[in-house]
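K.L.:
I have a structure I would like to understand better, so I am pasting it below and will then ask my questions one at a time.
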Amino acid sequence: MTRTLVIANQKGGIGKSTSVVNIGRALTEKGYRVLLIDLDPQGGLTAAVGVDSFSIRRSVYSLLMYENAPLARLMRLINQNLVLVPASIDLASAEIQLASKGDQALRLRRGLERNRTPFDYIVIDTPPTLGILTANGLVAADELLIPVQCQYLAMRGVRAVIDTYERIQRVLNPNLQLLGVFATMFMDTSPHAREVVAELRSVFGNQLLNTIIPMADVVAEAPVIERSVLDYAPQHPASLAYRQLTQEIIERGASSQ
Ligand SMILES: Nc1ncnc2c1ncn2[C@@H]1O[C@H](COP(=O)(O)OP(=O)(O)OP(=O)(O)O)[C@@H](O)[C@H]1O
Ligand SMILES: [Mg+2]
C-alpha cells in the first residue's frame with residue numbers, strides 16, 4: 001500500500017522542501033520506491049533536485065487542471081527509485097483558475113486516484129501559504145508532517161497549520177492524520193532553539209518526533225549541486241538526522257496501521 005505524506009507549514013524558508021528531498025532520498029536508500037510532488041509555484045523542491053521549473057512544459061499543473069492528464073507523462077526520474085512530479089511557474093495561476101471550481105481542493109487527490117502508481121511512498125511539498133494548493137496536498141495525503149524551525153515565535157505559525165489540518169480533516173479528508181511535528185534548523189548555540197523544542201514537546205507530546213534536524217551549511221550547499229545532503233555528505237550529522245527522522249516516520253506509520 002502507498003503511504004502519502006504531505007509536508008506543510010505556512011511559514012516560509014523553514015526547511016519544508018529540504019525535508020521532502022532528504023526524507024525522499026532516505027526512503028530510497030532503504031529500498032522504497034518514492035514519488036515526490038512539488039505543489040509550490042516557486043518550485044523549491046523541483047530546483048533542489050536539479051530541474052528548472054521555468055523551462056519545463058509538463059508539471060503538476062496539468063494534473064490539477066486537466067482530468068485526462070496522465071501522471072506518468074509528468075514524472076521525471078531523479079535517482080534510482082526516486083521520481084519527481086515537478087512544479088512549473090504556471091502553477092501560480094492555478095489557484096485563481098481553480099477558485100471557481102467546486103472541487104478545487106480535491107484535484108490532486110482525484111488525479112492520484114485516476115493514476116494508480118507503484119510507489120511505496122508519495123511525499124508532497126507545499127507552498128508557504130494555506131491556500132488551495134496546500135489544501136490539495138492535505139486532501140490528497142493520509143499523513144501530515146509539520147516541520148518547525150527552532151526559532152523564536154515559531155509556535156505562532158504552527159497553530160495556523162494545525163487549524164487548517166483540523167478543518168480539512170473535518171470537512172474534506174477524514175483519513176488525514178497528524179503523523180508528527182519535527183524540529184528543523186536547530187542551532188546548538190541558541191537558547192531560543194532549546195526553548196522552542198521544549199515548548200513543542202509540552203504542546204505536542206508524543207506527536208513531536210524525537211529527531212531534531214541541525215542547522216548545517218552542508219544542508220544548504222547540497223541543492224546547489226542538485227543533490228540531497230545524504231549524497232553530498234553521507235556521514236554528516238545532518239544526513240544521519242534525516243535518516244533517523246525517516247526511520248521514525250517509517251515506524252510510526254507501521255505502528256498506526
Ligand atoms: N537544516 C538546515 N541547515 C541549514 N540550512 C538549511 C537547513 N534546512 C534548510 N536549509 C536552507 O534554508 C533555506 C530554506 O529551506 P527550504 O527551501 O527547504 O524551506 P521551505 O520551507 O521549503 O521554504 P519555502 O517556504 O520558501 O518553500 C534553503 O536555502 C535551504 O537550503
Ligand atoms: Mg519550499
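In the C-alpha cells, chains take letters A, B, ... by order of appearance, with residues numbered from 1 within each chain and ligands from 1 in the order shown.
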Using only C-alpha atoms and all ligand atoms, which residues of the polymer chains come no farther than 7 Å from ligand 1? I'd like the answer as a compact mmCIF listing (two decimals) with C-alpha atoms, in the first residue's frame.

P.N.:
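Wrote it out as out-v8.txt, contents follow:
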# COMPACT_ATOMS: atom_id res chain seq x y z
CA GLN A 10 2.77 28.31 6.00
CA LYS A 11 5.90 29.93 7.34
CA GLY A 12 8.42 30.28 4.52
CA GLY A 13 12.03 29.16 4.43
CA ILE A 14 11.84 26.72 7.33
CA GLY A 15 13.03 23.55 5.59
CA LYS A 16 9.90 22.05 4.01
CA SER A 17 11.37 21.40 0.56
CA THR A 18 14.72 20.37 2.02
CA SER A 19 12.96 17.84 4.22
CA ASP A 40 4.83 25.16 -4.81
CA GLY A 44 11.86 24.91 -4.36
CA PRO A 127 4.00 26.37 -0.68
CA PRO A 128 4.32 28.67 2.36
CA THR A 184 14.48 21.77 11.93
CA MET A 185 17.42 24.18 11.69
CA ILE A 213 17.47 18.32 12.28
CA PRO A 214 20.52 20.51 12.95
CA MET A 215 21.33 23.74 11.17
CA ALA A 216 24.32 22.90 8.95
CA ASP A 217 25.92 24.51 5.91
CA VAL A 218 26.08 21.20 4.05
CA VAL A 219 22.27 21.04 4.00
CA ALA A 220 22.09 24.35 2.13
CA GLU A 221 25.07 23.52 -0.11
CA PRO A 223 20.97 21.60 -3.63
CA ALA A 238 22.56 16.35 9.31

K.L.:
According to DSSP computed on the backbone, where in region 1-225 of chain A is there alpha helix (DSSP H)? Give the residues as a PDB file with C-alpha atoms, in the first residue's frame.

P.N.:
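Written file, out22.pdb:
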ATOM      1  CA  LYS A  16       9.904  22.052   4.010  1.00  0.00           C
ATOM      2  CA  SER A  17      11.368  21.397   0.558  1.00  0.00           C
ATOM      3  CA  THR A  18      14.723  20.374   2.025  1.00  0.00           C
ATOM      4  CA  SER A  19      12.963  17.842   4.223  1.00  0.00           C
ATOM      5  CA  VAL A  20      10.953  16.438   1.303  1.00  0.00           C
ATOM      6  CA  VAL A  21      14.153  15.880  -0.713  1.00  0.00           C
ATOM      7  CA  ASN A  22      16.063  14.293   2.127  1.00  0.00           C
ATOM      8  CA  ILE A  23      13.270  12.165   3.554  1.00  0.00           C
ATOM      9  CA  GLY A  24      12.584  11.019  -0.024  1.00  0.00           C
ATOM     10  CA  ARG A  25      16.225  10.129  -0.526  1.00  0.00           C
ATOM     11  CA  ALA A  26      16.457   8.343   2.824  1.00  0.00           C
ATOM     12  CA  LEU A  27      13.400   6.262   1.908  1.00  0.00           C
ATOM     13  CA  THR A  28      15.038   5.200  -1.373  1.00  0.00           C
ATOM     14  CA  GLU A  29      18.213   4.250   0.499  1.00  0.00           C
ATOM     15  CA  GLY A  44      11.855  24.913  -4.361  1.00  0.00           C
ATOM     16  CA  LEU A  45      11.726  21.117  -4.403  1.00  0.00           C
ATOM     17  CA  THR A  46      11.953  20.988  -8.195  1.00  0.00           C
ATOM     18  CA  ALA A  47      15.054  23.195  -8.172  1.00  0.00           C
ATOM     19  CA  ALA A  48      16.644  21.283  -5.303  1.00  0.00           C
ATOM     20  CA  VAL A  60       1.749  19.066 -11.548  1.00  0.00           C
ATOM     21  CA  TYR A  61      -0.248  21.945 -13.055  1.00  0.00           C
ATOM     22  CA  SER A  62      -1.594  19.548 -15.705  1.00  0.00           C
ATOM     23  CA  LEU A  63      -2.664  17.061 -13.062  1.00  0.00           C
ATOM     24  CA  LEU A  64      -4.614  19.757 -11.213  1.00  0.00           C
ATOM     25  CA  MET A  65      -6.168  21.372 -14.283  1.00  0.00           C
ATOM     26  CA  LEU A  91       1.082  26.782 -11.024  1.00  0.00           C
ATOM     27  CA  ALA A  92       0.839  30.314  -9.617  1.00  0.00           C
ATOM     28  CA  SER A  93      -2.247  30.884 -11.745  1.00  0.00           C
ATOM     29  CA  ALA A  94      -3.797  27.517 -10.872  1.00  0.00           C
ATOM     30  CA  GLU A  95      -5.018  28.933  -7.591  1.00  0.00           C
ATOM     31  CA  ILE A  96      -7.126  31.557  -9.395  1.00  0.00           C
ATOM     32  CA  GLN A  97      -8.229  29.168 -12.119  1.00  0.00           C
ATOM     33  CA  LEU A  98      -9.360  26.605  -9.570  1.00  0.00           C
ATOM     34  CA  ALA A  99     -11.160  29.146  -7.385  1.00  0.00           C
ATOM     35  CA  ARG A 107      -7.955  17.907  -7.734  1.00  0.00           C
ATOM     36  CA  LEU A 108      -4.679  16.308  -6.685  1.00  0.00           C
ATOM     37  CA  ARG A 109      -6.408  13.507  -4.830  1.00  0.00           C
ATOM     38  CA  ARG A 110      -8.541  12.676  -7.857  1.00  0.00           C
ATOM     39  CA  GLY A 111      -5.515  12.916 -10.155  1.00  0.00           C
ATOM     40  CA  LEU A 112      -3.648  10.382  -7.999  1.00  0.00           C
ATOM     41  CA  GLU A 113      -6.688   8.118  -7.733  1.00  0.00           C
ATOM     42  CA  ARG A 114      -7.086   8.081 -11.520  1.00  0.00           C
ATOM     43  CA  ILE A 132      -5.859  25.999  -2.460  1.00  0.00           C
ATOM     44  CA  LEU A 133      -2.544  24.392  -3.422  1.00  0.00           C
ATOM     45  CA  THR A 134      -1.711  23.406   0.149  1.00  0.00           C
ATOM     46  CA  ALA A 135      -5.325  22.271   0.627  1.00  0.00           C
ATOM     47  CA  ASN A 136      -4.856  19.957  -2.366  1.00  0.00           C
ATOM     48  CA  GLY A 137      -1.835  18.449  -0.653  1.00  0.00           C
ATOM     49  CA  LEU A 138      -3.716  17.950   2.616  1.00  0.00           C
ATOM     50  CA  VAL A 139      -6.680  16.368   0.868  1.00  0.00           C
ATOM     51  CA  ALA A 140      -4.512  14.019  -1.217  1.00  0.00           C
ATOM     52  CA  ALA A 154       7.897  29.514  15.652  1.00  0.00           C
ATOM     53  CA  MET A 155       4.814  28.292  17.503  1.00  0.00           C
ATOM     54  CA  ARG A 156       2.651  31.094  16.199  1.00  0.00           C
ATOM     55  CA  GLY A 157       2.813  29.658  12.707  1.00  0.00           C
ATOM     56  CA  VAL A 158       2.205  26.095  13.817  1.00  0.00           C
ATOM     57  CA  ARG A 159      -1.212  26.966  15.226  1.00  0.00           C
ATOM     58  CA  ALA A 160      -2.409  28.093  11.769  1.00  0.00           C
ATOM     59  CA  VAL A 161      -1.308  24.822  10.123  1.00  0.00           C
ATOM     60  CA  ILE A 162      -2.986  22.797  12.851  1.00  0.00           C
ATOM     61  CA  ASP A 163      -6.238  24.764  12.415  1.00  0.00           C
ATOM     62  CA  THR A 164      -6.171  24.134   8.661  1.00  0.00           C
ATOM     63  CA  TYR A 165      -5.382  20.457   9.221  1.00  0.00           C
ATOM     64  CA  GLU A 166      -8.343  20.108  11.587  1.00  0.00           C
ATOM     65  CA  ARG A 167     -10.693  21.858   9.180  1.00  0.00           C
ATOM     66  CA  ILE A 168      -9.612  19.746   6.200  1.00  0.00           C
ATOM     67  CA  GLN A 169      -9.866  16.587   8.285  1.00  0.00           C
ATOM     68  CA  ARG A 170     -13.395  17.532   9.385  1.00  0.00           C
ATOM     69  CA  VAL A 171     -14.698  18.604   6.002  1.00  0.00           C
ATOM     70  CA  PRO A 191      18.975  29.411  23.803  1.00  0.00           C
ATOM     71  CA  HIS A 192      15.808  30.111  21.796  1.00  0.00           C
ATOM     72  CA  ALA A 193      16.254  26.863  19.885  1.00  0.00           C
ATOM     73  CA  ARG A 194      16.144  24.850  23.109  1.00  0.00           C
ATOM     74  CA  GLU A 195      13.099  26.776  24.308  1.00  0.00           C
ATOM     75  CA  VAL A 196      11.274  26.073  21.065  1.00  0.00           C
ATOM     76  CA  VAL A 197      11.966  22.341  21.321  1.00  0.00           C
ATOM     77  CA  ALA A 198      10.816  22.317  24.960  1.00  0.00           C
ATOM     78  CA  GLU A 199       7.655  24.166  24.011  1.00  0.00           C
ATOM     79  CA  LEU A 200       6.964  21.810  21.099  1.00  0.00           C
ATOM     80  CA  ARG A 201       7.364  18.890  23.475  1.00  0.00           C
ATOM     81  CA  SER A 202       4.956  20.331  26.018  1.00  0.00           C
ATOM     82  CA  VAL A 203       2.349  21.189  23.362  1.00  0.00           C
ATOM     83  CA  PHE A 204       2.632  18.122  21.126  1.00  0.00           C
ATOM     84  CA  ASP A 217      25.917  24.514   5.910  1.00  0.00           C
ATOM     85  CA  VAL A 218      26.084  21.199   4.053  1.00  0.00           C
ATOM     86  CA  VAL A 219      22.273  21.045   4.000  1.00  0.00           C
ATOM     87  CA  ALA A 220      22.092  24.354   2.134  1.00  0.00           C
ATOM     88  CA  GLU A 221      25.070  23.520  -0.110  1.00  0.00           C
TER      89      GLU A 221
END

K.L.:
When you count only C-alpha atoms, which of these residues is closest to Leu35 (chain A): A:Val6, A:Ala141, A:Ala72, A:Val83?

P.N.:
A:Val83

K.L.:
Have a look at CA of Leu230 (chain A) and CA of Asn206 (chain A) and let me know their distance in Å, one decimal.

P.N.:
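So the two atoms, CA of Leu230 (chain A) and CA of Asn206 (chain A), lie 26.8 Å apart.
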
K.L.:
Quick one: pull the distance between CA of Leu71 (chain A) and CA of Ile56 (chain A), Å, one decimal.

P.N.:
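Separation of CA of Leu71 (chain A) and CA of Ile56 (chain A): 15.2 Å.
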
K.L.:
Write out as an MDAnalysis selection string all residues of region 193-253 of chain A that backbone DSSP assigns to strand (DSSP E or B).

P.N.:
chainID A and resid 208:214

K.L.:
Once you have the residues from the selection above, write them out as a PDB file, in the first residue's frame, restricted to N, CA and C atoms.

P.N.:
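Wrote selection-v2.pdb, looks like this:
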ATOM      1  N   LEU A 208       5.545  15.002  18.779  1.00  0.00           N
ATOM      2  CA  LEU A 208       6.835  15.573  18.380  1.00  0.00           C
ATOM      3  C   LEU A 208       7.797  14.416  18.111  1.00  0.00           C
ATOM      4  N   LEU A 209       8.305  14.361  16.892  1.00  0.00           N
ATOM      5  CA  LEU A 209       9.271  13.308  16.571  1.00  0.00           C
ATOM      6  C   LEU A 209      10.554  13.562  17.361  1.00  0.00           C
ATOM      7  N   ASN A 210      11.234  12.484  17.715  1.00  0.00           N
ATOM      8  CA  ASN A 210      12.417  12.632  18.574  1.00  0.00           C
ATOM      9  C   ASN A 210      13.600  13.263  17.860  1.00  0.00           C
ATOM     10  N   THR A 211      13.701  13.016  16.553  1.00  0.00           N
ATOM     11  CA  THR A 211      14.860  13.517  15.812  1.00  0.00           C
ATOM     12  C   THR A 211      14.767  15.028  15.609  1.00  0.00           C
ATOM     13  N   ILE A 212      15.898  15.679  15.823  1.00  0.00           N
ATOM     14  CA  ILE A 212      15.992  17.125  15.576  1.00  0.00           C
ATOM     15  C   ILE A 212      16.988  17.329  14.433  1.00  0.00           C
ATOM     16  N   ILE A 213      16.569  18.065  13.415  1.00  0.00           N
ATOM     17  CA  ILE A 213      17.470  18.322  12.278  1.00  0.00           C
ATOM     18  C   ILE A 213      18.336  19.540  12.603  1.00  0.00           C
ATOM     19  N   PRO A 214      19.660  19.372  12.596  1.00  0.00           N
ATOM     20  CA  PRO A 214      20.519  20.506  12.947  1.00  0.00           C
ATOM     21  C   PRO A 214      20.638  21.524  11.812  1.00  0.00           C
TER      22      PRO A 214
END

K.L.:
Restricting the calculation to only C-alpha atoms: of A:Asn81, A:Gln235, A:Asn175, A:Phe119, which residue gets closest to Lys30 (chain A)?

P.N.:
A:Asn81

K.L.:
Which residues are close to Arg58 (chain A), i.e. within 8 Å by only C-alpha atoms, leaving aside same-chain residues fewer than 5 positions away? Reply as a list in words.

P.N.:
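Once the nearby chain positions are removed, what remains is Arg73, Leu74, Pro86 and Ser88 of chain A.
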
K.L.:
Write the residues of the selection above to a file with N, CA and C atoms, as a JSON list (two decimals), in the first residue's frame.

P.N.:
[["chain", "number", "residue", "atom", "x", "y", "z"],
["A", 73, "ARG", "N", 3.30, 10.82, -17.62],
["A", 73, "ARG", "CA", 3.96, 11.76, -18.54],
["A", 73, "ARG", "C", 4.52, 12.98, -17.82],
["A", 74, "LEU", "N", 4.13, 13.15, -16.57],
["A", 74, "LEU", "CA", 4.61, 14.32, -15.81],
["A", 74, "LEU", "C", 5.83, 13.99, -14.96],
["A", 86, "PRO", "N", 7.26, 17.64, -11.09],
["A", 86, "PRO", "CA", 7.75, 18.98, -10.78],
["A", 86, "PRO", "C", 6.65, 20.04, -10.74],
["A", 88, "SER", "N", 5.76, 23.99, -12.03],
["A", 88, "SER", "CA", 6.17, 24.99, -13.01],
["A", 88, "SER", "C", 5.56, 26.32, -12.57]]

K.L.:
What gap, in Å, lies between CA of Ser228 (chain A) and CA of Gln177 (chain A)?

P.N.:
27.1 Å

K.L.:
Of the candidates A:Thr126, A:Asn115, A:Gln80, A:Ser55, which shows the shortest atom-to-atom distance to ligand 2, using only C-alpha atoms and all ligand atoms?

P.N.:
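Nearest to ligand 2: A:Thr126.
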